[in-house]
Structures are given as C-alpha cells and as structure tokens.
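Peer 1: Before I ask anything, let me first share the structure, which is written out below as structure tokens.
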Amino acid sequence: MSANEATARIKINRLLEQAGWRFFDNEAGRANTQLESTIKITQKELDDFGQDFETTKNGFVDFLLLDDKGYPLIVLEAKSEDKNPLVGKEQARKYAKSQNCRFVILSNGNLHYFWDLCRGNPYQITTFPNPLSVKGYKTAQPNPEKLINEVVNDDYIALTQRPHYLDEAGWKNESERPDFIQSNKLRFLRAYQKKAVLSIQQAVQAGQDRFLLEMATGTGKTLIAAAVIKLFLRTGNVRRVLFLVDRLELEDQARKAFVSCLANDYKTVIFKENKDDWRHAEIVVTTVQSLLHNNKYQKLFAPTDFDLVISDEAHRSIGGNARAVFEYFVGYKLGLTATPKDYLRKFKQKKLTSQDPRELECRLLLDTYRTFGCEDAQPTFRYSLLDGVKEGYLINPIVIDARTVITTELLSQQGFVVSVSDDTGEDIEESYKQREFERRFFSAVTNQVLCKTFLENALRDPVSKEIGKGIIFAVSQNHAAKLVQILNEMADQMYPGKYNSDFAVQVTSHIADAQQYAINFTNNNLLGSANFIDTYKTSKARICVTVGMMATGYDCPDILNLGLFRPIFSPTDFIQIKGRGTRKHNFLEHLVGDGLKASVTEPEKAHYKLFDFFANCEYFEEEFNYDEVLTLPRPQGKAGGSGDGPVVPGGIYEHLGEDIISSVMEETIGYEGMKIDRMFFEQFEDTVKADAIIKKHIEQEQWGRVIDYINEEIMDKPDEFFNLDKLRKAAGVDRRLSLREILEKAFGIIDRFKSKDELLDEEFNKFINDCKPENYHAIMSMKYFFKAYVTDNKVRHIIENGNYTDLNTNPTFTMSDFKAVPHNWRQAIPEYVKDYVPLNQFMA
C-alpha cells in the first residue's frame, strides 16, 4: 500500500470514528472496536483481498457502515489522496447494489462526497454524517414525479389550515365569506405565488435541486415558502426543513407564519428554544449567525439532518462565510431574495475598485446567483416591485428629496469646508462629506430642521388624522437618541397633552426589549393604543427611530412615512428600506364598530412618503417621479467656508518630546502566559458570570447587546482594568480571540479555544466545499498556499504586488511551493481569502 493510500485510510478511519459509526474496514480485515464480536470474515477472504485496496481482484467493499442493528447502511469507497474520489463512483454503485445500500460515500481522506442513489448526483460534504442522521434521512423516499404532478391551487395553504372550509356555512354564504376568511386567518395564494411554486416544480422536472426566487418586498415570500415546504413534505421528497434567517427578530416572525399556515400538518420550532427535541419537528428556524460562529453547525448537525434548506433574504443570510452553513447540508436548496441583480445593471464589473461602494454588493449578488445555480443571472422565478405595482398588490413611494444648506454642501464635490488653524497657527481648510455626518461632522441645527420638515410633511393617518406611522433610519445609535428627543419635543408642541415622550421611540440594539418594541409597533400597541379615537386601535407611538434593526424582513403594512436621515451606499440596504412601505393596507381593519367608517374617505393605503435628506435616490439613479421637492428653511447660523462652529479634532495625541530607556530585561513568555495572566482571565470569567444582565443577554443570544454592555460597563474600569489585549494574552492561545469567543468559553458554550491550525483547516474546508477544485493531486499544495497566504503578511505582500521572485529567498513559502499550486488557483485562492476569510483572527 502506498503512502497516499495509507494516509487516506487513516484519515477516513478517524472521521468514521468521530462520527460514531460502527463499520467494517475490509483492507484491515477487521471491524472497529464496537463490532469486533459481531463481524466475522474468513481467512480465505483476507487472502483473496490482496495488498492494494484500489486494485482488489474480487472487488471488495472498502468500508461498510452499519446501522444500530448491524445491517449495511452505507458503502464507503476509498481512494488514495492523490486521486479524485469520484473515480470510484461506478464501482461504489455496484457495491451498494450488491449490499442493498441506498447510500454511498466517496472519499480520499481530504475530499468527501455523499451520494443518495435515489436522488441523483454525489454531493460534496465537509464531514461524515452520523448514523442517527442517515437513519432519519433514509425515511424520506424521494419521488420527484409525485412532486412535479402535485396540484397547487390557490387554496393549497387554506386546505391545511382548515381542511373542510368549503363545506362551512361561513364560506358558502358570499356575504359572510370575507369575515370568515379574516376570522380564520385563511391564506390563499395569488396567481404569481402559484407561478412561483410551479416554477420550482418545473425546475425539479429539469433535474435541478437549487432554486432562487427573486421577489419584491411585500409579495409574500414567506407564504410561498410555506407552500414550497408543504409541497416537498407532502410528496415525501423531504422529511425536515431548515429555514435560515439573518436576524433574531425574524426567527419568531417566521415561526409564527409557518405555525399559522402549516401547524395542522407540520411542527415548527426555533432551534435555540428546542435544542434537545428539534428532531421531532419538520421545520426548524434559526439565524445563520448562531450556527456560523465557531462553526457550530458542524457540531450540532450532520449533513443529512435537513433535506431542504431555505435561505430567507438569501443575499444576506448566505453572504461571505455564511454560505458554508448553507452548503454543508445535503439536499434541495431554496433562496429567497428581494434584491434584484438588475439593480446593478449599469455597474461594470471590470471597473471594480476597493473604493467603489457598490463592489461588495455586486459580489454578494453574484455569489447569491452562483450559489443557486443561476450563473446566467436568471432566477428560477422573478416578480419585481413594478410587477406588483402594475397588478395592484404593491405601491410605489412619493419621494421627498429635501436638502438643507449644510447637507447640500456635504453632498457637493468639495464638501463642507471649514477653516481651522494648525499647531503653528497657519490657516488650513478641512473638508467634510456626507459620509461623515454624525460621525465626524455634527450639526444639531440640521437635525432640528430635518425633524421639523419630516413632521410637517408626513402623511396623516386617514382615520385619526394623527401623523401616520413611520420609521426613521439614523446614522448611529447616538444619532437615533438625538432624533427621538427632538421628535418628542416637537410632538408636544404640535399635540399638547397627547404625548408624554412616547411619540417617537428608539428601536436599536442598545435598547432593552427593542425586538418586542418592533413587534408591538406592527401590532399597534407600542407604548399604548387608541390615543386619538377610543375605537381606533392604532399604536400610540407613531415613529420608530432605528439604525438597521427594522430594515430587513420587518412587516408593518400600515407604515405611511419613511425617513432617510443618513446617506446610504449599499443598494441592498436601500432597496430593503424602501420595501418597508410598499405593502398595501386598509386602515378600517383597526376601527371597531361601524360608526366612523362612513367618514373615512380614503381608507386604502395608496402611497407612502420616502423622505430622502441625503440624495440617496439620486445616488442610486432610481427613476421615481419626484412629486415634491421641498426648499427647507436655512439653518440658523452660518455655514460653508466661514466655519463658525467648533471643529472636533480626531482625538489622537502625538507625543513629540523626548524619552529614554533606563533599563532593559528580556524574558520570553510562551503561549501559556504567566500565572498572573491565567488568574486574570479566571477573574474576568467570574466577573461576567456574576452579572445578571450579561447572563440574560447570552441566554437570549443577543451578542451585540452583551458586547456593547461589557465594553461600556466592565472594560477599562479602575477595579481591574480588564481589556481585550490583556484577556487575549491571559488566554494563552496562538491567535487573536474575539470578545464573543472569550464569553462563550466563560459560559461553557465552547469547551476550549481553537488553535490557529484548527481554524485554518476549517477555513480551507469551506474553500474546498465552496469552490470545488478538481485538481485533486494538488490539494495539499493548495492547502499550504492557502495557509501561508492567510497567516504570513510577507507572503501576502509578495503575491498581491506580483513580486514572485522574492519567493526564492522566502523561508516559509518558497517558489517551488508556489509552482506546485495549479496555475488557475494562484489568483483564485487570494481572491477567495480577501472576500471570505477574516484575517484578524489569525494574528497573534
């Protein structure tokens, strides 16, 4: 047996044992320790087997993986490290049939494929599935023909909600039917939603297993997802579905939607609330971030645990490294996105530069389409905002392009210019652009003018005539707090006695229960209800001021006003924010009794206003009719080059005086650190574990809040002077730790910190799984290059600047190492690393 063959077999044995398999290794002539007493083979069989497991004359199975009763479940065909594992495909198929096995694993120790002979092609995996997962996976009996021929009518979901609704009196009586539908919350598919489901059936018929639905915000992507889930579960083509979202607040929203639509037939759970019994559910909802951190998904799940994976807001939830979670699972893949690739139709990829604010968005969109097999940029089904508006399901905004004197100068080519004096007393000019508003450039009077303009021109509620509900998007949490204060002060003047600092509310990650605030705003009970009319149940709080929480996937159909109080440079964010207002709504739904209904002349939401104070629409070249262009009152005080306001310095002190060294002592401390360092780390662990607020946030997986809280309340305080650099040193790890990792260790979420090599191996496995290189003989050379490029600044500098001759004298990664890397991967690997690998974590 060659060295490559032996290495492959050793690796495969380890992977099988890690996955908990009972198996028989035919080359070694033995079972693993769990089966020594249950598997018997004859000496003649051993003699006939020979010494080379790839050229055995009688064609024995390399590994036979057994179920809990000792029956064959999977045939594993092993190849040496320098061979493509797929070359054993047909040989494995023959073996599997002879053993009556449905499943095959093809592996060379580094690359692995899982193959369900009933479903089509081998699928690349990064870890071996465990026995329990495969046993469950086996219960699904794929029948594409049944799925293709399933009839999906407009009552496809309603029949699950209420199977005999057609026989009920409330339905049969046409005058009662609208109330019957509303009271039972029956959901019927629209024509375009049925077409979306049909497009997936047609794609399956064409042999596809990946689908992308590109649908505008407000067109019912979650309802379509429910119909698709029912389609696959009902026809027996899947047994369990994973629904990935990218925000915590969307978990519960998705769960409620699926419970409302499918609860009579299928159970839906949120994973973090059902970590021990999620296997009893058909639909599991979770955030992709909760699975991605520390590659938790590989520990929690096997590749065969889910047969259908759905990515909500796919351009976000599978962006960057998050795609590794998506690709990890075997089976069908469905992506839902509201961001059309056509938005970048005027964007030329050849002109990409690191300064172009659309570059990352372009990459994310292109990655999204590539992930779902849409290299031709055509999704499986598309239904745009314009389609929805034309067919009467959605509405377009009235855009209010409003600029103050100051914002106009910030937006100008030269920016807002101020004159300041340097340290020598010389006058110099400093320029500020719109990006620096509320970051380096502050103007209280500008915030006042923007809020006043918003309130004076906002659409009113058609029933109560109060200011219509709205969302304002601020630059930062601090900016949001300022705007809330201004809006509440102005509301007191506009409506004396009606509000008690509860007209506007900050909804950001710094605010306790912010997620519940957003839910209450949708349900019209945020800080009270019916403030103007007792029988009209609309939220007392009228404006939510946020930064990013309510930008994606947030459903609130009665929104009438959106405010862009910040510049936006992400087309994805811009489209998502606009989408918060596009849903139609009948305001009479909130009115109890018929007394006032006749007085409401326009109960249907026909439009909403989008207040654009930073020329975002102009920046993104959207073709809206600017029905109103306002001239704002000039801010009090001077602006422009006069620069009367104070200039805020950068806050950096540069010491220019002299200093000398009095003594030098040298001692090398290893990765384990000094004892006092280790005690310091334990002291930090005790401190955070004793804090009830930290404990609560971690239990709820609200990592943004807990990290903000620790930075503000615990770090750099006089008692202990905890800081991240000291904690990293005390932890004794050969790489840079994040505060989240340190907290996970303190609270027992992880048992240890992974080493740099372990993380490198994981990142390389993600690369292999995503890019699927076919140069199998060069995998180890590619891995060496990958690791060198990630960890060695000098190697990165050489490659990025094209100074390849410097590799001749480089001690860690040489010219011969570089030449061993296939030519097409010499550039592809660095590009992948730049896009998807966070280099910061590999620094010492």
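Labels for the structure tokens follow display order: chains A, B, ..., residues from 1 in each chain, ligands from 1.
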Would you pick out the contacts of stretch 473-486 of chain A at 6 Å or less, using only C-alpha atoms, so that residues sharing its chain but fewer than 5 positions from it are not included, and give the list as a list of chain:residue names?

Peer 2: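 Here the qualifying residues turn out to be A:Ala504, A:Val545, A:Thr546, A:Val547, A:Leu564, A:Phe565, A:Arg566.
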
Peer 1: Could you tell me, as number ranges by chain, which residues of stretch 74-318 of chain A DSSP assigns to strand (DSSP E or B) when given the backbone?

Peer 2: A: 74-78, 103-107, 112-116, 123-125, 210-215, 241-245, 268-270, 283-287, 308-311

Peer 1: Output N, CA and C atoms for every residue in that selection, as a short mmCIF file (atom, residue, chain, number, x, y, z; two decimals), in the first residue's frame.

Peer 2:
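selection_33.cif, freshly written:
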```cif
data_model
loop_
_atom_site.label_atom_id
_atom_site.label_comp_id
_atom_site.auth_asym_id
_atom_site.auth_seq_id
_atom_site.Cartn_x
_atom_site.Cartn_y
_atom_site.Cartn_z
N ILE A 74 -24.36 2.14 4.55
CA ILE A 74 -23.61 2.96 3.59
C ILE A 74 -22.38 2.19 3.12
N VAL A 75 -22.13 2.28 1.83
CA VAL A 75 -20.88 1.80 1.26
C VAL A 75 -19.93 2.99 1.14
N LEU A 76 -18.73 2.86 1.70
CA LEU A 76 -17.74 3.92 1.57
C LEU A 76 -16.62 3.44 0.66
N GLU A 77 -16.47 4.11 -0.45
CA GLU A 77 -15.42 3.78 -1.42
C GLU A 77 -14.25 4.72 -1.19
N ALA A 78 -13.10 4.16 -0.84
CA ALA A 78 -11.92 4.96 -0.51
C ALA A 78 -10.94 5.00 -1.67
N PHE A 103 -27.10 4.37 0.13
CA PHE A 103 -26.18 5.49 0.28
C PHE A 103 -24.73 5.08 0.03
N VAL A 104 -23.97 6.05 -0.51
CA VAL A 104 -22.55 5.84 -0.81
C VAL A 104 -21.78 7.07 -0.33
N ILE A 105 -20.60 6.84 0.23
CA ILE A 105 -19.66 7.94 0.49
C ILE A 105 -18.41 7.66 -0.33
N LEU A 106 -17.96 8.66 -1.06
CA LEU A 106 -16.73 8.59 -1.84
C LEU A 106 -15.72 9.51 -1.18
N SER A 107 -14.52 9.01 -0.85
CA SER A 107 -13.57 9.83 -0.10
C SER A 107 -12.13 9.47 -0.44
N HIS A 112 -14.71 14.59 0.28
CA HIS A 112 -15.72 13.56 0.51
C HIS A 112 -17.00 13.92 -0.22
N TYR A 113 -17.68 12.89 -0.72
CA TYR A 113 -18.98 13.06 -1.38
C TYR A 113 -19.98 12.10 -0.77
N PHE A 114 -21.18 12.61 -0.52
CA PHE A 114 -22.29 11.78 -0.08
C PHE A 114 -23.22 11.59 -1.27
N TRP A 115 -23.63 10.35 -1.50
CA TRP A 115 -24.43 10.05 -2.69
C TRP A 115 -25.65 9.24 -2.29
N ASP A 116 -26.81 9.81 -2.49
CA ASP A 116 -28.07 9.10 -2.33
C ASP A 116 -28.45 8.57 -3.70
N TYR A 123 -22.90 14.60 -3.65
CA TYR A 123 -22.85 15.97 -3.13
C TYR A 123 -21.65 16.08 -2.20
N GLN A 124 -20.84 17.11 -2.42
CA GLN A 124 -19.63 17.27 -1.61
C GLN A 124 -19.98 17.67 -0.18
N ILE A 125 -19.35 17.00 0.79
CA ILE A 125 -19.58 17.28 2.20
C ILE A 125 -18.24 17.54 2.88
N ARG A 210 -31.56 23.26 -6.98
CA ARG A 210 -31.36 24.58 -6.37
C ARG A 210 -32.27 25.59 -7.06
N PHE A 211 -32.88 26.45 -6.25
CA PHE A 211 -33.87 27.37 -6.80
C PHE A 211 -33.69 28.74 -6.14
N LEU A 212 -33.93 29.79 -6.91
CA LEU A 212 -33.85 31.15 -6.38
C LEU A 212 -35.09 31.93 -6.80
N LEU A 213 -35.82 32.44 -5.81
CA LEU A 213 -36.99 33.26 -6.07
C LEU A 213 -36.64 34.71 -5.76
N GLU A 214 -36.68 35.53 -6.79
CA GLU A 214 -36.37 36.96 -6.64
C GLU A 214 -37.69 37.71 -6.64
N MET A 215 -38.12 38.14 -5.46
CA MET A 215 -39.45 38.72 -5.32
C MET A 215 -39.39 39.97 -4.45
N VAL A 241 -37.03 20.41 7.20
CA VAL A 241 -36.63 21.64 6.51
C VAL A 241 -35.92 22.56 7.48
N LEU A 242 -34.82 23.18 7.02
CA LEU A 242 -34.13 24.20 7.80
C LEU A 242 -34.39 25.55 7.14
N PHE A 243 -34.93 26.48 7.93
CA PHE A 243 -35.24 27.82 7.42
C PHE A 243 -34.28 28.81 8.08
N LEU A 244 -33.39 29.39 7.28
CA LEU A 244 -32.34 30.28 7.79
C LEU A 244 -32.75 31.74 7.63
N VAL A 245 -32.63 32.49 8.71
CA VAL A 245 -32.84 33.94 8.66
C VAL A 245 -31.56 34.62 9.12
N THR A 268 -43.37 23.31 13.73
CA THR A 268 -42.31 24.28 13.51
C THR A 268 -41.71 24.68 14.86
N VAL A 269 -40.36 24.72 14.94
CA VAL A 269 -39.69 25.15 16.17
C VAL A 269 -38.56 26.10 15.84
N ILE A 270 -38.20 26.92 16.81
CA ILE A 270 -36.98 27.72 16.74
C ILE A 270 -35.88 26.90 17.40
N ILE A 283 -40.04 21.48 10.60
CA ILE A 283 -39.50 22.77 10.18
C ILE A 283 -38.72 23.36 11.34
N VAL A 284 -37.45 23.66 11.12
CA VAL A 284 -36.58 24.24 12.14
C VAL A 284 -36.12 25.62 11.66
N VAL A 285 -36.35 26.64 12.47
CA VAL A 285 -35.99 28.01 12.12
C VAL A 285 -34.82 28.45 12.99
N THR A 286 -33.83 29.10 12.38
CA THR A 286 -32.69 29.60 13.16
C THR A 286 -32.00 30.72 12.40
N THR A 287 -31.21 31.51 13.13
CA THR A 287 -30.38 32.52 12.46
C THR A 287 -29.12 31.85 11.96
N LEU A 308 -34.13 19.88 2.86
CA LEU A 308 -34.43 21.14 2.17
C LEU A 308 -33.96 22.27 3.07
N VAL A 309 -33.10 23.12 2.53
CA VAL A 309 -32.62 24.29 3.27
C VAL A 309 -33.10 25.53 2.53
N ILE A 310 -33.79 26.41 3.26
CA ILE A 310 -34.32 27.65 2.67
C ILE A 310 -33.61 28.83 3.31
N SER A 311 -33.09 29.71 2.49
CA SER A 311 -32.39 30.89 2.96
C SER A 311 -33.25 32.12 2.71
#
```

Peer 1: Would you mind telling me which residue in A:Ala158, A:Ala281, A:Ile768, A:Leu385 lies nearest to A:Pro397 when using only C-alpha atoms?

Peer 2: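 Using only C-alpha atoms, the shortest distance to A:Pro397 belongs to A:Leu385.
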
Peer 1: Under the rule that only C-alpha atoms are counted, which of A:Val706, A:Leu186, A:Ala226, A:Leu300 is the nearest residue to A:Trp278?

Peer 2: A:Leu300

Peer 1: Considering only C-alpha atoms, state which residue in the set A:Leu291, A:Cys101, A:Ile799, A:Ala19 is at the smallest distance from A:Glu701.

Peer 2: A:Leu291

Peer 1: Using only C-alpha atoms, which residues sit within 12 Å of A:Tyr804 once same-chain residues fewer than 6 positions away are excluded, as JSON, numbers by chain?

Peer 2: {"A": [794, 795, 796, 797, 798, 810, 813, 814, 815, 816, 817, 818, 819, 826]}

Peer 1: Which residues are close to A:Gly136, i.e. within 12 Å by only C-alpha atoms, leaving aside same-chain residues fewer than 6 positions away? Reply as a PDB file with C-alpha atoms, in the first residue's frame.

Peer 2:
```
ATOM      1  CA  ASP A  67     -26.865   0.673  11.319  1.00  0.00           C
ATOM      2  CA  LEU A  73     -26.384   1.214   5.558  1.00  0.00           C
ATOM      3  CA  PRO A 129     -22.901  12.217   8.593  1.00  0.00           C
ATOM      4  CA  ASN A 130     -23.609  10.335  11.811  1.00  0.00           C
ATOM      5  CA  VAL A 238     -38.031  15.691   2.213  1.00  0.00           C
ATOM      6  CA  ARG A 239     -38.611  14.898   5.852  1.00  0.00           C
ATOM      7  CA  ARG A 240     -37.190  18.013   7.553  1.00  0.00           C
ATOM      8  CA  ARG A 279     -35.655  16.285  15.562  1.00  0.00           C
ATOM      9  CA  HIS A 280     -39.363  15.929  16.329  1.00  0.00           C
ATOM     10  CA  GLU A 282     -40.494  19.084  10.372  1.00  0.00           C
ATOM     11  CA  ALA A 302     -24.942  16.221  10.365  1.00  0.00           C
ATOM     12  CA  PRO A 303     -25.001  16.964   6.607  1.00  0.00           C
ATOM     13  CA  THR A 304     -28.070  14.731   6.238  1.00  0.00           C
ATOM     14  CA  ASP A 305     -30.188  16.281   9.002  1.00  0.00           C
ATOM     15  CA  PHE A 306     -32.116  18.502   6.572  1.00  0.00           C
ATOM     16  CA  ASP A 307     -33.305  17.608   3.076  1.00  0.00           C
TER      17      ASP A 307
END
```

Peer 1: With a distance cut-off of 10 Å and only C-alpha atoms, select the neighbouring residues of stretch 574-577 of chain A, excluding the residue or stretch itself and same-chain residues fewer than 2 positions from it, and output the selection as a ChimeraX atom specification.

Peer 2: /A:216-217,313,338-340,343,471-473,548,550-554,562-564,567-572,579-582,610,616-617,620

Peer 1: Mind writing the picked residues with C-alpha atoms as a compact mmCIF listing (two decimals), in the first residue's frame?

Peer 2:
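The result, stored in part_30.txt:
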```txt
# COMPACT_ATOMS: atom_id res chain seq x y z
CA ALA A 216 -40.05 42.27 -4.19
CA THR A 217 -40.67 43.06 -0.53
CA GLU A 313 -33.08 37.16 2.33
CA ALA A 338 -35.94 40.88 -2.58
CA THR A 339 -32.79 42.38 -4.09
CA PRO A 340 -32.77 42.17 -7.90
CA TYR A 343 -30.30 46.84 -9.81
CA ILE A 471 -39.70 54.60 10.54
CA ILE A 472 -36.64 56.85 10.52
CA PHE A 473 -33.21 55.44 9.72
CA GLY A 548 -30.60 48.78 10.96
CA MET A 550 -36.10 47.31 11.06
CA ALA A 551 -34.52 47.49 7.61
CA THR A 552 -34.83 43.87 6.52
CA GLY A 553 -37.78 41.49 6.71
CA TYR A 554 -39.82 43.72 9.00
CA LEU A 562 -40.05 56.52 5.88
CA GLY A 563 -37.18 58.87 6.67
CA LEU A 564 -33.64 58.51 5.38
CA PRO A 567 -26.62 58.65 3.44
CA ILE A 568 -26.89 55.08 2.17
CA PHE A 569 -24.24 53.49 -0.02
CA SER A 570 -25.49 49.92 -0.14
CA PRO A 571 -28.04 49.25 -2.89
CA THR A 572 -29.24 46.20 -0.97
CA GLY A 579 -39.60 47.95 0.83
CA ARG A 580 -40.84 48.70 4.35
CA GLY A 581 -43.52 50.93 2.86
CA THR A 582 -44.65 49.10 -0.30
CA LEU A 610 -39.96 58.43 1.43
CA ASN A 616 -29.92 58.63 -1.90
CA CYS A 617 -32.41 58.21 -4.72
CA PHE A 620 -28.76 55.12 -6.94
```
